[in-house]
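Heads up: the structure comes next, in structure tokens.
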Amino acid sequence: APEDTPAVKKSSSMSAKDLKAVKRQYDNVYFTIWKDLSRKDAPKIHRMIQQATQTKLTNLRKTSVLCVRESKKWQIRTNKSQKDMQAKARRGMREMFSFWKRNEREERDLRKKAEKEALDQAKREEEEREARRQARKLNFLITQTELYSHFIGRKIKTDEIEGNATGILGENGHTDIAPPENATKTDFSQLDFDSDNEDEIHKAAAANAQSALLDAQNRAREFDAKSSSSELKQVDIDDDDLNFQNPTSLGDITIEQPKLLSCTLKEYQVKGLNWLANLYDQGINGILADEMGLGKTVQSISVLAYLAETHNIWGPFLVVSPASTLHNWQQEVAKFVPDFKVLPYWGNAKDRKVLRKFWDRKNVRYTKDSPFHVLVTSYQLVVADIQYFQRIKWQYMILDEAQAIKSSSSSRWKSLLGLQCRNRLLLTGTPIQNSMQELWALLHFIMPTLFDNHDEFSEWFSKDIESHAQSNTELNEQQLRRLHALLKPFMLRRIKKNVQSELGDKIEIDVYCNLTNRQKKLYKILRSQISLMDLLEKATSGSDDSNQSLINLVMQFRKVCNHPDLFERDDVKSPFSFGSFAETGSFLRETNGLEYAYTTKNAISYHIPKLLYRDMLSPNENNAVDTRNNILNHLFNIWNPEYINDNLEGDDAFSWLRFVDSTPTEVARVSKKNIIERAIDARTYCESELQPADDKKFLLVTSKQESIEPHLKEVQKTVYHDTYMNVQNHGSMDHASAPPVDVVCHDRAFVYEKERSLFNPKIRQALSPLSLNTQYELMENGVPVSEFPKAEMLPQALSNKAGYSSIKMPSMNRFIKDSAKLAKLDEMLPKLKAEDHRVLIYFQMTKMMDLMEEYLTYRQFKFIRLDGSSKLEDRRDLVNDWQTRPEIFVFLLSTRAGGLGINLTAADTVIFYDSDWNPTIDSQAMDRAHRLGQTRQVTVYRLLVRGTIEERMRDRAKQKEHVQQVVMEGKGTSGSEQDTTSFQKPTREVALWLLDEDEGGANALKNKQLEAEEKKAKRK
């Protein structure tokens, strides 16, 4: 402060201006100092502060990371304990839920099991009660029929006629039973089958049997009473002889062969006649079920002759048969009973209207002078004209091939049942074809009152008999015998081996073949297109559309088995022909086999001027000789006769002619010929002058034994030709073909030269094959094709082309080899032909018959054909030709059209190319040859393709045949010998055929059926 005093003092003495200058100086110094600080020290300090801040932030981050890490550790420890606690809680809860759920399920299962056992027990008890009830119903029905047979006085001695009396009635204790007096008929629905009172049921059965007997007798008596008494008085017979018209008579009728019959009946046929007469006497309808070929037709005609001869009943008689046998019935009736007037009732509506004018509606019983006695018609016409047939009261109606009315729900069955007939006779060789229901329909037709439509009896037919034929179930032999006893009064059945010793058993052989490669591919493609689910759906639906769809599938597989060409034929192929063809009416007027060569012309023609042809293109000795021709033909021609003659000596050019024995003129002439003419001349010279030497002439000792060495040398060649390995088919085909360009020149010499080149007879004979006329004459004379004369100059080729034409024809060899069945048939037919057999071949498809016609024509086998399209008059002529013309080797027939009622005993071999759905149809077809009049052993071959649907169908057919044997002949076999497949509805059965190679599919189908049945039971 003391130091500042002078300054202050000094400053106080300074002026204001000086003070401002000092202040300004001080300010500049301060500014400079701060400026230096801001420039030098401030950035350093800023950097230091920044670094400190950054270090602080880094430390803070590290601290935060450590905090996060430590906090996470703490949180993990905390969460883990919580999660463990929650997991333990959830696990405990699940175990608790599982325990109680299992506990509830076990309680529910035990409860359901107890309920099911109770339900099953109740169901078993109900089934046992129902079985006892059904057994009582069945026993009632069979007892009723047995008593019915007993009450008619044992008149219908079917057992004795068949030669196998069983005495069933005696065993069941009905022998001493008398008909109840004043008994009333008891309705089947009113009977109490739950009651154990067997006596009441037995009495009701006896009452119903007597009522049915009285109804039949009264019906016959009323029918006969309508005949006027004046007609009876005109007949000179005693009252005792009229017992035939009195159904109450119980005396046996024993008759001999009627004199009106122009043939001699066999012993069993006379017994059949007696059986039919007894049926008529009692007013009972019947079924003549003799095996096919035992003469059911002549037996039925004989009973008509008996009625006319003994009782003056000449009609009206009605014969209804399939359309294929109408002519046969007309001929048989006229042949066996010439006195009968047969009215063939068929044709169009106008023709039938004219025929109805001969009907006599006034008289119930016809006489010998009536307009007609026997009317023959078909099932279709009866249904069409049913209103006219119902106006006539027929004395006797015969239904041939009665399996045509096997459905009791069809209009045909109902229409025929509504006709007024005293008696009905059904003729059938196969009363059972597919199921027992068909036999039931026939029994219901002949006795509608006795064989009423009882579901229980019908169910027993299908369940017991058919299940025995298919599975391991045991058949009640007592019930089977009682069933036979039920059928005895109404049905007569004899088989060939029991009554006709001279007719041997037919031999049936199943011929199996393997699918060809083409068939395998088609079969595999078809199977790949089938959906298992679709099959299951169609099989369980049961609708008609589903059934038809499955049948169509089966038909496609059967087509593959028959022949692949049923799907697509190999057509004729040819290239496009570029040319014009001769079109003139004169060709059409010529005879068959006309050969006219070179009629095809190319659309392109090349015209040559006449002058150019004469002077330049065709130089010869006849042309105008100019300098060039003179030089060429004379000066430069070494083949001139003069030049040759001058050079014959020594070693001249033509001195070699001395060794060939030719003159200069001959050599000059040969030089002017072309190569073909020279070859022909050389061939003629060699054949005439050079003969092959015989080595045997030089041998000292000759042996008579033929050496095998030449044959061994020819083995390869023989096999090469016999196996058709030498045949070469077309490997390729041109897209177009055309004849050579036609050269045209309006010059007569050109035309002559052209024709001489094309039609030189010497060249054509040496090079060309035989003409068509010559070949036809050789074939008519029986010369084999292999022995036809060959072309003289062309040797036999090592390889034969399938054809020299550009047209590619389908190969018949491939046509045969593509089908396994046809290839097998091609092996069989030549052997059968050589052994003098005659063959019937049955088909299911008319298209296959068309293919077979091509094959038989190719093999030159004579044949005739009958199918559904054949007219009635043509069928008669075809059958007559077959029976009378032994040169016909094969008869092609459709199984349905040619398998009924015709006599084809001229054949001794039957071949089924493909089998029918129904085995009975096949049996009828084979018995066209295996019947009365057959003197040779009949062999039946059935062609089957292994590993296909045909095997399954064949197994099913054998099962149906077993059902027939069980019911008709009592041939029961153990269940172990049968297939375990049960009888199915048609739709399910066809589905199983399609699933035969897929066990999983078959099991799925069965499970689907069980589910459907369970659902149906629950609805009930």
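Labels for the structure tokens follow display order: chains A, B, ..., residues from 1 in each chain, ligands from 1.
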Give the helix (DSSP H, G or I) residues of stretch 913-968 of chain A, as assigned by DSSP on the backbone, as a PDB file with N, CA and C atoms, in the first residue's frame.
```pdb
ATOM      1  N   PRO A 919     -72.561-121.155 -61.660  1.00  0.00           N
ATOM      2  CA  PRO A 919     -72.024-122.450 -62.111  1.00  0.00           C
ATOM      3  C   PRO A 919     -73.084-123.360 -62.696  1.00  0.00           C
ATOM      4  N   THR A 920     -74.345-123.157 -62.327  1.00  0.00           N
ATOM      5  CA  THR A 920     -75.404-124.002 -62.868  1.00  0.00           C
ATOM      6  C   THR A 920     -75.583-123.771 -64.358  1.00  0.00           C
ATOM      7  N   ILE A 921     -75.373-122.540 -64.809  1.00  0.00           N
ATOM      8  CA  ILE A 921     -75.470-122.262 -66.243  1.00  0.00           C
ATOM      9  C   ILE A 921     -74.410-123.059 -66.996  1.00  0.00           C
ATOM     10  N   ASP A 922     -73.218-123.130 -66.441  1.00  0.00           N
ATOM     11  CA  ASP A 922     -72.166-123.938 -67.062  1.00  0.00           C
ATOM     12  C   ASP A 922     -72.532-125.419 -67.049  1.00  0.00           C
ATOM     13  N   SER A 923     -73.131-125.891 -65.962  1.00  0.00           N
ATOM     14  CA  SER A 923     -73.536-127.302 -65.892  1.00  0.00           C
ATOM     15  C   SER A 923     -74.569-127.611 -66.959  1.00  0.00           C
ATOM     16  N   GLN A 924     -75.520-126.708 -67.142  1.00  0.00           N
ATOM     17  CA  GLN A 924     -76.510-126.915 -68.195  1.00  0.00           C
ATOM     18  C   GLN A 924     -75.855-126.928 -69.568  1.00  0.00           C
ATOM     19  N   ALA A 925     -74.878-126.056 -69.751  1.00  0.00           N
ATOM     20  CA  ALA A 925     -74.216-125.981 -71.053  1.00  0.00           C
ATOM     21  C   ALA A 925     -73.440-127.257 -71.353  1.00  0.00           C
ATOM     22  N   MET A 926     -72.700-127.780 -70.380  1.00  0.00           N
ATOM     23  CA  MET A 926     -71.920-128.990 -70.646  1.00  0.00           C
ATOM     24  C   MET A 926     -72.822-130.208 -70.835  1.00  0.00           C
ATOM     25  N   ILE A 949     -58.784-112.935 -60.992  1.00  0.00           N
ATOM     26  CA  ILE A 949     -60.121-112.967 -60.410  1.00  0.00           C
ATOM     27  C   ILE A 949     -60.861-114.250 -60.780  1.00  0.00           C
ATOM     28  N   GLU A 950     -60.433-114.906 -61.858  1.00  0.00           N
ATOM     29  CA  GLU A 950     -61.117-116.130 -62.276  1.00  0.00           C
ATOM     30  C   GLU A 950     -60.947-117.258 -61.258  1.00  0.00           C
ATOM     31  N   GLU A 951     -59.819-117.308 -60.587  1.00  0.00           N
ATOM     32  CA  GLU A 951     -59.637-118.335 -59.558  1.00  0.00           C
ATOM     33  C   GLU A 951     -60.634-118.151 -58.422  1.00  0.00           C
ATOM     34  N   ARG A 952     -60.842-116.927 -58.008  1.00  0.00           N
ATOM     35  CA  ARG A 952     -61.791-116.640 -56.925  1.00  0.00           C
ATOM     36  C   ARG A 952     -63.214-117.008 -57.342  1.00  0.00           C
ATOM     37  N   MET A 953     -63.561-116.698 -58.575  1.00  0.00           N
ATOM     38  CA  MET A 953     -64.896-117.031 -59.065  1.00  0.00           C
ATOM     39  C   MET A 953     -65.086-118.542 -59.140  1.00  0.00           C
ATOM     40  N   ARG A 954     -64.047-119.246 -59.508  1.00  0.00           N
ATOM     41  CA  ARG A 954     -64.140-120.708 -59.586  1.00  0.00           C
ATOM     42  C   ARG A 954     -64.329-121.309 -58.194  1.00  0.00           C
ATOM     43  N   ASP A 955     -63.626-120.793 -57.203  1.00  0.00           N
ATOM     44  CA  ASP A 955     -63.815-121.273 -55.830  1.00  0.00           C
ATOM     45  C   ASP A 955     -65.241-121.020 -55.367  1.00  0.00           C
ATOM     46  N   ARG A 956     -65.768-119.863 -55.721  1.00  0.00           N
ATOM     47  CA  ARG A 956     -67.156-119.545 -55.330  1.00  0.00           C
ATOM     48  C   ARG A 956     -68.135-120.488 -56.023  1.00  0.00           C
ATOM     49  N   ALA A 957     -67.864-120.853 -57.262  1.00  0.00           N
ATOM     50  CA  ALA A 957     -68.735-121.778 -57.984  1.00  0.00           C
ATOM     51  C   ALA A 957     -68.735-123.156 -57.329  1.00  0.00           C
ATOM     52  N   LYS A 958     -67.564-123.605 -56.875  1.00  0.00           N
ATOM     53  CA  LYS A 958     -67.500-124.903 -56.197  1.00  0.00           C
ATOM     54  C   LYS A 958     -68.325-124.891 -54.914  1.00  0.00           C
ATOM     55  N   GLN A 959     -68.362-123.758 -54.223  1.00  0.00           N
ATOM     56  CA  GLN A 959     -69.165-123.672 -53.006  1.00  0.00           C
ATOM     57  C   GLN A 959     -70.651-123.799 -53.327  1.00  0.00           C
ATOM     58  N   LYS A 960     -71.090-123.150 -54.402  1.00  0.00           N
ATOM     59  CA  LYS A 960     -72.500-123.250 -54.782  1.00  0.00           C
ATOM     60  C   LYS A 960     -72.857-124.679 -55.185  1.00  0.00           C
ATOM     61  N   GLU A 961     -71.944-125.347 -55.883  1.00  0.00           N
ATOM     62  CA  GLU A 961     -72.201-126.740 -56.255  1.00  0.00           C
ATOM     63  C   GLU A 961     -72.328-127.621 -55.017  1.00  0.00           C
ATOM     64  N   HIS A 962     -71.555-127.306 -53.979  1.00  0.00           N
ATOM     65  CA  HIS A 962     -71.643-128.095 -52.750  1.00  0.00           C
ATOM     66  C   HIS A 962     -73.003-127.909 -52.084  1.00  0.00           C
ATOM     67  N   VAL A 963     -73.560-126.698 -52.137  1.00  0.00           N
ATOM     68  CA  VAL A 963     -74.898-126.467 -51.578  1.00  0.00           C
ATOM     69  C   VAL A 963     -75.917-127.350 -52.284  1.00  0.00           C
ATOM     70  N   GLN A 964     -75.831-127.452 -53.598  1.00  0.00           N
ATOM     71  CA  GLN A 964     -76.762-128.294 -54.345  1.00  0.00           C
ATOM     72  C   GLN A 964     -76.626-129.753 -53.927  1.00  0.00           C
ATOM     73  N   GLN A 965     -75.394-130.216 -53.754  1.00  0.00           N
ATOM     74  CA  GLN A 965     -75.196-131.614 -53.364  1.00  0.00           C
ATOM     75  C   GLN A 965     -75.754-131.882 -51.975  1.00  0.00           C
ATOM     76  N   VAL A 966     -75.578-130.929 -51.052  1.00  0.00           N
ATOM     77  CA  VAL A 966     -76.069-131.133 -49.687  1.00  0.00           C
ATOM     78  C   VAL A 966     -77.581-131.250 -49.674  1.00  0.00           C
ATOM     79  N   VAL A 967     -78.274-130.362 -50.398  1.00  0.00           N
ATOM     80  CA  VAL A 967     -79.733-130.330 -50.333  1.00  0.00           C
ATOM     81  C   VAL A 967     -80.360-131.414 -51.193  1.00  0.00           C
ATOM     82  N   MET A 968     -79.849-131.588 -52.419  1.00  0.00           N
ATOM     83  CA  MET A 968     -80.495-132.499 -53.355  1.00  0.00           C
ATOM     84  C   MET A 968     -80.063-133.940 -53.145  1.00  0.00           C
TER      85      MET A 968
END
```
*Spatial neighbours of A:Asn647, max dist 12 Å, only C-alpha atoms, sep filter under 4 positions, as an MDAnalysis selection string*: chainID A and resid 638:643 651:658 664
Exercise. Got a sec: who's within 12 Å of A:Glu835, counting only C-alpha atoms, leaving out chain neighbours fewer than 6 positions off, as a PyMOL selection string?
Worked result: chain A and resi 828-829+889+908-909
Non-local contacts of stretch 850-857 of chain A (8 Å; only C-alpha atoms; under 6 positions in same chain excluded) as an NGL selection string: :A and (812 or 816 or 863)
Could you dump the residues just selected with N, CA and C atoms as an mmCIF file, in the first residue's frame?
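What ended up in out-v1.cif:
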```cif
data_model
loop_
_atom_site.group_PDB
_atom_site.id
_atom_site.type_symbol
_atom_site.label_atom_id
_atom_site.label_comp_id
_atom_site.auth_asym_id
_atom_site.auth_seq_id
_atom_site.Cartn_x
_atom_site.Cartn_y
_atom_site.Cartn_z
ATOM 1 N N MET A 812 -50.913 -112.664 -86.837
ATOM 2 C CA MET A 812 -51.765 -113.678 -86.218
ATOM 3 C C MET A 812 -50.999 -114.456 -85.167
ATOM 4 N N ILE A 816 -52.253 -114.706 -81.298
ATOM 5 C CA ILE A 816 -52.456 -115.930 -80.507
ATOM 6 C C ILE A 816 -51.633 -115.877 -79.226
ATOM 7 N N PHE A 863 -66.282 -124.267 -88.641
ATOM 8 C CA PHE A 863 -67.018 -123.974 -87.417
ATOM 9 C C PHE A 863 -68.357 -123.338 -87.767
#
```
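Interatomic distance, atom CA of A:Lys335 against atom CA of A:Met292: 20.3 Å.
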What are the DSSP strand (DSSP E) residues of stretch 813-937 of chain A, as a PyMOL selection string?
chain A and resi 839-843+863-866+890-894+909-912
